[in-house]
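Below: upload-v3.txt (compact mmCIF, C-alpha atoms)
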# COMPACT_ATOMS: atom_id res chain seq x y z
CA MET A 1 -0.45 -17.34 40.40
CA SER A 2 1.10 -15.29 37.64
CA ALA A 3 0.93 -18.32 35.34
CA VAL A 4 -2.83 -18.68 35.95
CA LEU A 5 -3.37 -14.97 35.34
CA PHE A 6 -1.25 -15.14 32.21
CA PHE A 7 -3.25 -18.00 30.71
CA ILE A 8 -6.60 -16.37 31.52
CA ALA A 9 -5.50 -13.07 29.98
CA ALA A 10 -3.90 -14.74 26.95
CA ILE A 11 -7.00 -16.81 26.24
CA GLY A 12 -9.12 -13.69 26.58
CA ALA A 13 -6.89 -11.75 24.20
CA ILE A 14 -6.79 -14.47 21.56
CA THR A 15 -10.53 -15.15 21.82
CA GLY A 16 -11.26 -11.45 21.42
CA ALA A 17 -8.98 -11.28 18.39
CA ILE A 18 -10.68 -14.26 16.76
CA GLY A 19 -14.06 -12.71 17.52
CA VAL A 20 -13.07 -9.48 15.77
CA VAL A 21 -12.29 -11.39 12.59
CA LEU A 22 -15.11 -13.94 12.61
CA LEU A 23 -18.16 -12.02 13.84
CA ARG A 24 -20.37 -10.82 11.01
CA ASN A 25 -21.85 -7.74 12.66
CA PRO A 26 -19.29 -4.89 12.93
CA PHE A 27 -20.82 -3.82 16.25
CA TYR A 28 -20.03 -7.20 17.80
CA SER A 29 -16.54 -6.97 16.32
CA VAL A 30 -16.00 -3.71 18.19
CA LEU A 31 -17.18 -5.31 21.44
CA ALA A 32 -14.83 -8.26 20.89
CA LEU A 33 -11.99 -5.80 20.39
CA ALA A 34 -12.85 -4.22 23.75
CA VAL A 35 -12.52 -7.64 25.42
CA HIS A 36 -9.20 -8.14 23.63
CA LEU A 37 -7.88 -4.76 24.78
CA VAL A 38 -8.77 -5.29 28.43
CA SER A 39 -7.12 -8.74 28.41
CA LEU A 40 -4.05 -7.22 26.80
CA ALA A 41 -3.92 -4.59 29.55
CA ALA A 42 -3.82 -7.46 32.07
CA LEU A 43 -0.88 -8.95 30.16
CA PHE A 44 0.87 -5.57 30.30
CA LEU A 45 0.35 -5.50 34.05
CA LEU A 46 1.93 -8.94 34.33
CA LEU A 47 4.93 -7.56 32.44
CA ARG A 48 5.19 -4.71 35.01
CA ALA A 49 4.18 -2.04 32.52
CA GLU A 50 1.71 -0.20 34.73
CA PHE A 51 1.57 3.02 32.78
CA VAL A 52 1.19 1.29 29.42
CA ALA A 53 -1.64 -0.82 30.85
CA ALA A 54 -3.42 2.25 32.18
CA ALA A 55 -2.97 4.05 28.88
CA GLN A 56 -4.27 1.00 27.07
CA VAL A 57 -7.47 0.94 29.12
CA VAL A 58 -8.04 4.70 29.08
CA VAL A 59 -7.02 5.53 25.51
CA TYR A 60 -7.98 2.37 23.67
CA ALA A 61 -10.79 0.74 25.58
CA GLY A 62 -12.14 4.17 26.48
CA ALA A 63 -11.67 6.75 23.76
CA VAL A 64 -10.99 4.77 20.60
CA MET A 65 -13.75 2.27 21.33
CA VAL A 66 -16.26 5.08 21.84
CA LEU A 67 -15.21 6.49 18.47
CA TYR A 68 -15.71 3.10 16.83
CA VAL A 69 -19.10 2.56 18.47
CA PHE A 70 -20.31 5.98 17.34
CA VAL A 71 -19.19 5.44 13.77
CA VAL A 72 -20.72 1.96 13.63
CA ALA A 73 -23.97 3.33 15.02
CA TYR A 74 -23.90 6.20 12.50
CA VAL A 75 -23.00 4.14 9.48
CA GLY A 76 -25.01 1.10 10.46
CA GLY A 77 -23.73 -2.42 10.62
CA GLY A 78 -25.16 -5.46 8.95
CA GLU A 79 -22.43 -6.49 6.60
CA GLN A 80 -23.32 -9.62 4.70
CA LEU A 81 -20.37 -9.52 2.37
CA ALA A 82 -18.54 -12.70 1.65
CA SER A 83 -14.95 -12.23 0.66
CA GLY A 84 -13.57 -13.42 -2.61
CA ALA A 85 -13.15 -17.15 -3.00
CA VAL A 86 -9.40 -16.96 -3.50
CA LEU A 87 -8.70 -14.78 -0.48
CA ARG A 88 -11.09 -16.73 1.71
CA VAL A 89 -8.89 -19.78 1.31
CA LEU A 90 -5.53 -18.08 1.02
CA GLY A 91 -5.98 -15.57 3.84
CA PRO A 92 -6.13 -18.05 6.75
CA LEU A 93 -3.38 -20.12 5.14
CA PHE A 94 -1.17 -17.04 4.94
CA ALA A 95 -1.93 -16.15 8.56
CA LEU A 96 -1.09 -19.68 9.72
CA ALA A 97 2.18 -19.69 7.77
CA LEU A 98 3.07 -16.30 9.23
CA ALA A 99 2.36 -17.53 12.77
CA VAL A 100 4.55 -20.59 12.34
CA GLU A 101 7.30 -18.50 10.82
CA LEU A 102 7.21 -15.91 13.61
CA CYS A 103 7.25 -18.57 16.30
CA ILE A 104 10.23 -20.27 14.69
CA ALA A 105 12.02 -16.97 14.32
CA MET A 106 11.49 -15.91 17.91
CA LEU A 107 11.61 -19.15 19.87
CA GLY A 108 14.03 -21.11 17.76
CA ALA A 109 16.53 -18.31 17.48
CA GLY A 110 18.49 -19.62 20.43
CA LEU A 111 18.63 -16.24 22.14
CA LYS A 112 19.38 -16.82 25.79
CA GLY A 113 17.35 -13.84 26.94
CA VAL A 114 14.12 -15.07 25.33
CA SER A 115 13.98 -18.26 27.33
CA SER A 116 14.70 -16.55 30.65
CA ARG A 117 12.35 -14.97 33.14
CA GLY A 118 13.56 -11.49 32.31
CA ALA A 119 15.55 -8.89 34.14
CA PRO A 120 15.68 -8.80 37.96
CA PHE A 121 13.18 -6.64 39.80
CA ILE A 122 13.87 -2.92 39.54
CA PRO A 123 11.95 -0.68 41.95
CA GLY A 124 9.65 1.70 40.14
CA PHE A 125 9.93 -0.08 36.79
CA GLY A 126 7.22 1.07 34.41
CA THR A 127 5.66 3.62 36.74
CA PRO A 128 4.42 6.94 35.35
CA ARG A 129 7.34 8.66 37.08
CA HIS A 130 9.96 6.72 35.12
CA ILE A 131 8.05 6.88 31.85
CA GLY A 132 7.51 10.61 32.22
CA GLN A 133 11.16 11.23 32.98
CA LEU A 134 12.18 9.33 29.87
CA PHE A 135 9.62 11.13 27.75
CA LEU A 136 10.79 14.56 28.83
CA THR A 137 14.52 13.91 28.69
CA GLN A 138 15.74 11.21 26.38
CA TYR A 139 12.66 10.84 24.15
CA LEU A 140 11.58 14.47 23.97
CA PHE A 141 11.58 14.64 20.19
CA PRO A 142 9.29 11.60 19.67
CA PHE A 143 7.00 13.04 22.34
CA GLU A 144 6.66 16.36 20.53
CA ALA A 145 6.35 14.65 17.16
CA ALA A 146 3.51 12.54 18.57
CA SER A 147 1.68 15.66 19.72
CA VAL A 148 2.02 17.25 16.27
CA LEU A 149 0.83 14.00 14.70
CA LEU A 150 -2.27 13.96 16.94
CA LEU A 151 -3.08 17.54 15.97
CA VAL A 152 -2.71 16.75 12.27
CA ALA A 153 -4.90 13.67 12.62
CA ALA A 154 -7.63 15.59 14.44
CA MET A 155 -7.70 18.29 11.77
CA GLY A 156 -7.65 15.69 9.03
CA ALA A 157 -10.62 13.90 10.54
CA VAL A 158 -12.58 17.14 10.73
CA VAL A 159 -11.80 17.94 7.10
CA LEU A 160 -12.63 14.43 5.91
CA ALA A 161 -15.88 13.99 7.80
CA ARG A 162 -17.32 17.47 7.45
CA ARG A 163 -20.63 18.05 5.76
CA ARG A 164 -20.18 19.23 2.22
CA ARG A 165 -22.23 22.12 0.86
CA GLY A 166 -23.66 20.59 -2.26
CA LEU A 167 -24.69 17.40 -0.57
CA GLU A 168 -26.43 19.27 2.22
CA ALA A 169 -28.79 21.05 -0.18
CA GLU A 170 -29.61 17.74 -1.87
CA GLU A 171 -30.41 16.08 1.42
CA GLN A 172 -32.65 18.94 2.54
CA THR A 173 -34.74 18.98 -0.62
CA ALA A 174 -35.03 15.22 -0.46
CA PHE A 175 -36.59 15.29 2.99
CA ARG A 176 -38.92 18.28 2.53
CA ILE A 177 -42.62 17.53 2.36
CA GLU A 178 -44.38 19.97 0.10
CA ALA A 179 -48.00 19.56 1.23
CA PRO A 180 -49.47 21.71 4.03
CA ARG A 181 -51.91 20.02 6.32
CA PRO A 182 -55.49 21.28 6.63
CA ALA A 183 -56.55 23.19 9.69
CA TYR A 184 -57.69 21.48 12.89
CA THR A 185 -55.59 18.42 12.32
CA GLY A 186 -53.18 18.92 15.15
CA THR A 187 -50.32 20.73 13.49
CA MET A 188 -47.54 22.36 15.46
CA ALA A 189 -48.61 25.81 14.29
CA GLU A 190 -52.07 25.33 15.83
CA ALA A 191 -50.60 24.14 19.06
CA ALA A 192 -48.41 27.24 19.22
CA GLY A 193 -51.43 29.45 18.58
CA VAL A 194 -50.35 30.99 15.29
CA ARG A 195 -52.80 33.51 13.92
CA PRO A 196 -53.19 33.94 10.15
CA ARG A 197 -51.04 36.71 8.79
CA ALA A 198 -52.37 39.72 6.89
CA GLY A 199 -51.30 38.61 3.44
CA ASP A 200 -52.64 35.07 3.65
CA GLU A 201 -56.11 34.23 2.56
CA PRO A 202 -58.04 32.72 5.45
CA LEU A 203 -58.30 28.98 5.29
CA THR A 204 -61.64 27.46 6.02
CA PRO A 205 -61.34 24.23 7.95
CA GLU A 206 -62.90 21.27 6.22
CA VAL A 207 -64.42 19.82 9.35
CA GLU A 208 -65.83 22.35 11.82
CA PRO A 209 -65.19 21.24 15.38
CA VAL A 210 -68.29 21.02 17.55
CA GLY A 211 -68.99 23.95 19.86
CA THR A 212 -66.49 26.42 18.47
CA THR A 213 -67.43 29.79 17.07
CA THR A 214 -66.53 30.59 13.50
CA HIS A 215 -65.41 34.19 13.84
CA ASP A 216 -62.59 35.26 11.60
CA ALA A 217 -60.41 36.14 14.57
CA THR A 218 -60.53 32.65 16.02
CA ARG A 219 -60.21 30.90 12.72
CA GLN A 220 -57.04 28.88 12.69
CA GLN A 221 -54.75 28.38 9.82
CA GLY A 222 -53.21 25.10 8.81
CA GLY A 223 -49.48 24.79 9.20
CA TRP A 224 -46.69 22.39 8.70
CA MET B 1 6.29 -16.95 33.05
CA ALA B 2 9.10 -17.05 30.53
CA ILE B 3 9.21 -14.28 27.95
CA GLY B 4 8.73 -16.74 25.12
CA TRP B 5 5.08 -17.29 26.09
CA TYR B 6 4.33 -13.60 25.70
CA LEU B 7 6.08 -13.53 22.35
CA THR B 8 4.03 -16.51 21.18
CA VAL B 9 0.79 -14.79 22.18
CA SER B 10 1.85 -11.62 20.41
CA ALA B 11 2.70 -13.57 17.25
CA ILE B 12 -0.71 -15.28 17.32
CA ILE B 13 -2.54 -11.97 17.76
CA PHE B 14 -0.56 -10.39 14.95
CA CYS B 15 -1.34 -13.25 12.59
CA ILE B 16 -5.04 -13.21 13.43
CA GLY B 17 -5.05 -9.51 12.57
CA ALA B 18 -3.18 -10.09 9.31
CA GLY B 19 -5.59 -12.83 8.31
CA GLY B 20 -8.53 -10.58 9.13
CA VAL B 21 -7.18 -7.79 6.93
CA LEU B 22 -6.99 -10.26 4.07
CA VAL B 23 -10.36 -11.94 4.60
CA ARG B 24 -12.76 -9.17 5.56
CA ARG B 25 -14.03 -6.55 3.12
CA ASN B 26 -15.74 -4.02 5.35
CA PRO B 27 -13.32 -1.09 5.90
CA LEU B 28 -14.46 -0.72 9.52
CA VAL B 29 -13.49 -4.30 10.32
CA ILE B 30 -10.23 -3.90 8.42
CA LEU B 31 -9.39 -0.97 10.71
CA LEU B 32 -10.17 -3.17 13.71
CA CYS B 33 -7.85 -5.87 12.38
CA LEU B 34 -5.11 -3.28 11.93
CA GLU B 35 -5.57 -2.46 15.61
CA LEU B 36 -5.07 -6.14 16.37
CA MET B 37 -1.79 -6.20 14.48
CA LEU B 38 -0.52 -3.07 16.25
CA ASN B 39 -1.51 -4.56 19.60
CA GLY B 40 0.41 -7.73 18.88
CA ALA B 41 3.49 -5.65 18.12
CA ASN B 42 2.89 -3.66 21.31
CA LEU B 43 2.80 -6.80 23.41
CA SER B 44 6.12 -8.00 22.05
CA LEU B 45 7.66 -4.55 22.60
CA VAL B 46 6.58 -4.53 26.24
CA ALA B 47 7.79 -8.11 26.66
CA PHE B 48 11.21 -7.16 25.30
CA ALA B 49 11.30 -4.17 27.65
CA ARG B 50 10.63 -6.54 30.54
CA MET B 51 13.30 -8.89 29.26
CA TRP B 52 16.05 -6.26 29.23
CA GLY B 53 14.86 -4.31 32.24
CA GLY B 54 14.71 -1.03 30.33
CA GLU B 55 11.71 1.18 29.74
CA ASP B 56 12.56 2.11 26.16
CA GLY B 57 10.28 -0.59 24.79
CA GLN B 58 7.38 0.77 26.79
CA ILE B 59 8.02 4.24 25.37
CA PHE B 60 7.94 2.71 21.92
CA ALA B 61 4.65 0.97 22.75
CA LEU B 62 3.11 4.27 23.86
CA ILE B 63 4.20 5.95 20.62
CA VAL B 64 2.64 3.06 18.68
CA MET B 65 -0.59 3.68 20.60
CA VAL B 66 -0.55 7.35 19.59
CA VAL B 67 0.01 6.44 15.95
CA ALA B 68 -2.80 3.89 16.12
CA ALA B 69 -5.16 6.50 17.54
CA CYS B 70 -4.29 8.86 14.68
CA GLU B 71 -4.82 6.13 12.12
CA VAL B 72 -8.21 5.28 13.59
CA THR B 73 -9.28 8.92 13.56
CA VAL B 74 -8.40 9.46 9.92
CA GLY B 75 -9.73 6.05 8.89
CA LEU B 76 -13.08 6.58 10.56
CA GLY B 77 -13.26 10.04 8.98
CA ILE B 78 -12.85 8.39 5.58
CA VAL B 79 -15.54 5.84 6.49
CA VAL B 80 -17.97 8.62 7.44
CA ALA B 81 -17.16 10.46 4.18
CA MET B 82 -17.84 7.24 2.27
CA TYR B 83 -21.19 6.92 4.00
CA ARG B 84 -22.09 10.53 3.15
CA ARG B 85 -21.26 10.01 -0.51
CA ARG B 86 -23.23 6.74 -0.50
CA LEU B 87 -20.28 4.70 -1.68
CA PRO B 88 -20.41 0.94 -1.13
CA PHE B 89 -18.71 -0.42 1.99
CA ASP B 90 -16.55 -2.80 0.09
CA VAL B 91 -12.81 -2.36 -0.30
CA ASP B 92 -12.84 -4.48 -3.44
CA GLU B 93 -14.99 -1.92 -5.20
CA LEU B 94 -13.11 1.08 -3.82
CA HIS B 95 -9.80 0.73 -5.55
CA GLU B 96 -9.61 4.28 -6.83
CA LEU B 97 -8.70 6.98 -4.34
CA GLN B 98 -10.38 9.88 -6.08
CA GLY B 99 -11.85 12.83 -4.26
Would you kindly transcribe this structure into structure tokens?
Amino acid sequence: MSAVLFFIAAIGAITGAIGVVLLRNPFYSVLALAVHLVSLAALFLLLRAEFVAAAQVVVYAGAVMVLYVFVVAYVGGGEQLASGAVLRVLGPLFALALAVELCIAMLGAGLKGVSSRGAPFIPGFGTPRHIGQLFLTQYLFPFEAASVLLLVAAMGAVVLARRRRGLEAEEQTAFRIEAPRPAYTGTMAEAAGVRPRAGDEPLTPEVEPVGTTTHDATRQQGGW
Amino acid sequence: MAIGWYLTVSAIIFCIGAGGVLVRRNPLVILLCLELMLNGANLSLVAFARMWGGEDGQIFALIVMVVAACEVTVGLGIVVAMYRRRLPFDVDELHELQG
């Protein structure tokens, strides 16, 4: 049973990883990464790491993926960039060599522990209770350092992605339309019932609507 | 399942991520491939924790997750800043880190 689950989850994780690299559209890459992360959480569960699996689903597949999806939607996908000819050949070759090397290093090392089924069952292994106890006693300093790091990263992201002053003025002038519309053409000012102000010269509508009086008080002014 | 299977899967995931960092040129996808590499390392850490029956490896994996979240936040902030300044989304053309 655990072997079947392992192979399903492992195939899902590897397929998702390949999809991240090979898919052209960045949005599809993000979705493939979500598949990969959920499969990896299943692998963590098989390794009796309940809390890590839950954190993986909540933090990664939840929060980080939402961040990615928002940024991809904001920036816009559609990358049709082909990589350089040298790296396109050498990159996969390097990855393959690295995989072979890692497998030799880990499986051929002759470590007795690697080929075993692991430690005997310990009650409560990997539960939030144990992890929390370790975090607040033995690993208190990494815990606090991680919180400071998260704060620094959040502030850095705000500083990096904020709207700059000079650019804002440029964008606003670029999008402004400088021509007022004539009266009786369905502008928002007419719909809101704006009367002409004292200083403005009254605008005469070019086309007089049928059946309306042309008193000065009811004369509408064109707006934006 | 023996621990070696998990280590093999983690090695494969890590290498796919490394190859993706080398091949792709979009910075968004490069960040995704970095996530893949960190996840491969996470899987081997959790597998080693299972192998020795101690939770220290899981603590390490959680810290790696926190660091990955920070890296994603700052990286995506840089991507958004690049978009605002209308820079090209190509890491080959962005080899100067000037403000």
*Smallest atom-to-atom distance to Gly19 of chain B: which of A:Leu37, A:Ala61, A:Ile18, A:Leu23, using all atoms listed in the file?*
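Going through A:Leu37, A:Ala61, A:Ile18, A:Leu23 one by one, the smallest distance to Gly19 of chain B is for A:Ile18.
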*Do a neighbour search on segment 61-71 of chain B at 7 Å with only C-alpha atoms, toss out local chain neighbours closer than 6 positions, and write the hits as a list in words.*
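Once the adjacent positions are removed, what remains is Val52, Val64, Ala146, Leu150 and Ala153 of chain A; Glu35, Asn42, Leu45 and Val46 of chain B.
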*For Phe48 of chain B, work out the shell of residues within 8 Å, counting only C-alpha atoms and skipping chain neighbours fewer than 3 positions away, then give it as a PyMOL selection string.*
chain B and resi 3+44-45+51-52+57
_Among the residues B:Gly4, B:Gly17, B:Gly54, B:Pro88, the one that comes closest to Leu31 of chain B [using only C-alpha atoms]_ =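 When distances to Leu31 of chain B are compared using only C-alpha atoms, the smallest one comes from B:Gly17.
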*asked:* Neighbouring residues of Leu36 of chain B were defined as those with any atom within 12 Å, considering all atoms listed in the file; residues of the same chain fewer than 6 positions away were excluded. Please report them as a PyMOL selection string.
replied: (chain A and resi 13-21+29-30+32-37+40+60) or (chain B and resi 9-21+29-30+42-43+65+68)
*asked:* Is it possible to get the residues within 6 Å of (-10.7, 11.2, 14.0) (coordinates as in the file, counting all atoms listed in the file) written as an NGL selection string?
replied: (:A and (154 or 157)) or (:B and (73-74 or 77))
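Note that atom CA of Ala119 of chain A and atom CA of Glu55 of chain B are 11.6 Å apart.
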*Please determine the residues with any atom at most 12 Å from (-11.6, -0.4, -1.6) (coordinates as given in the file, with all atoms listed in the file counting) and report them as JSON, numbers by chain.*
{"B": [24, 25, 26, 27, 28, 30, 78, 79, 82, 87, 88, 89, 90, 91, 92, 93, 94, 95, 96, 97, 98]}
*How many Å lie between atom CA of Arg85 of chain B and atom CA of Gly76 of chain A, rounded to one decimal?*
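These atoms are spaced 14.6 Å apart.
Rounded to one decimal, atom CA of Gly91 of chain A and atom CA of Cys33 of chain B lie 13.1 Å from each other.
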*Write out as a list in words each polymer residue whose atoms come within 12 Å of Met1 of chain A, counting all atoms listed in the file; drop sequence neighbours fewer than 4 positions from it.*
Leu5, Phe6, Phe7, Ile8 and Leu46 of chain A; Met1 of chain B
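Shortest atom-to-atom contact with chain B among A:Ile104, A:Leu22, A:Val72, A:Ala95: A:Ala95, counting all atoms listed in the file.
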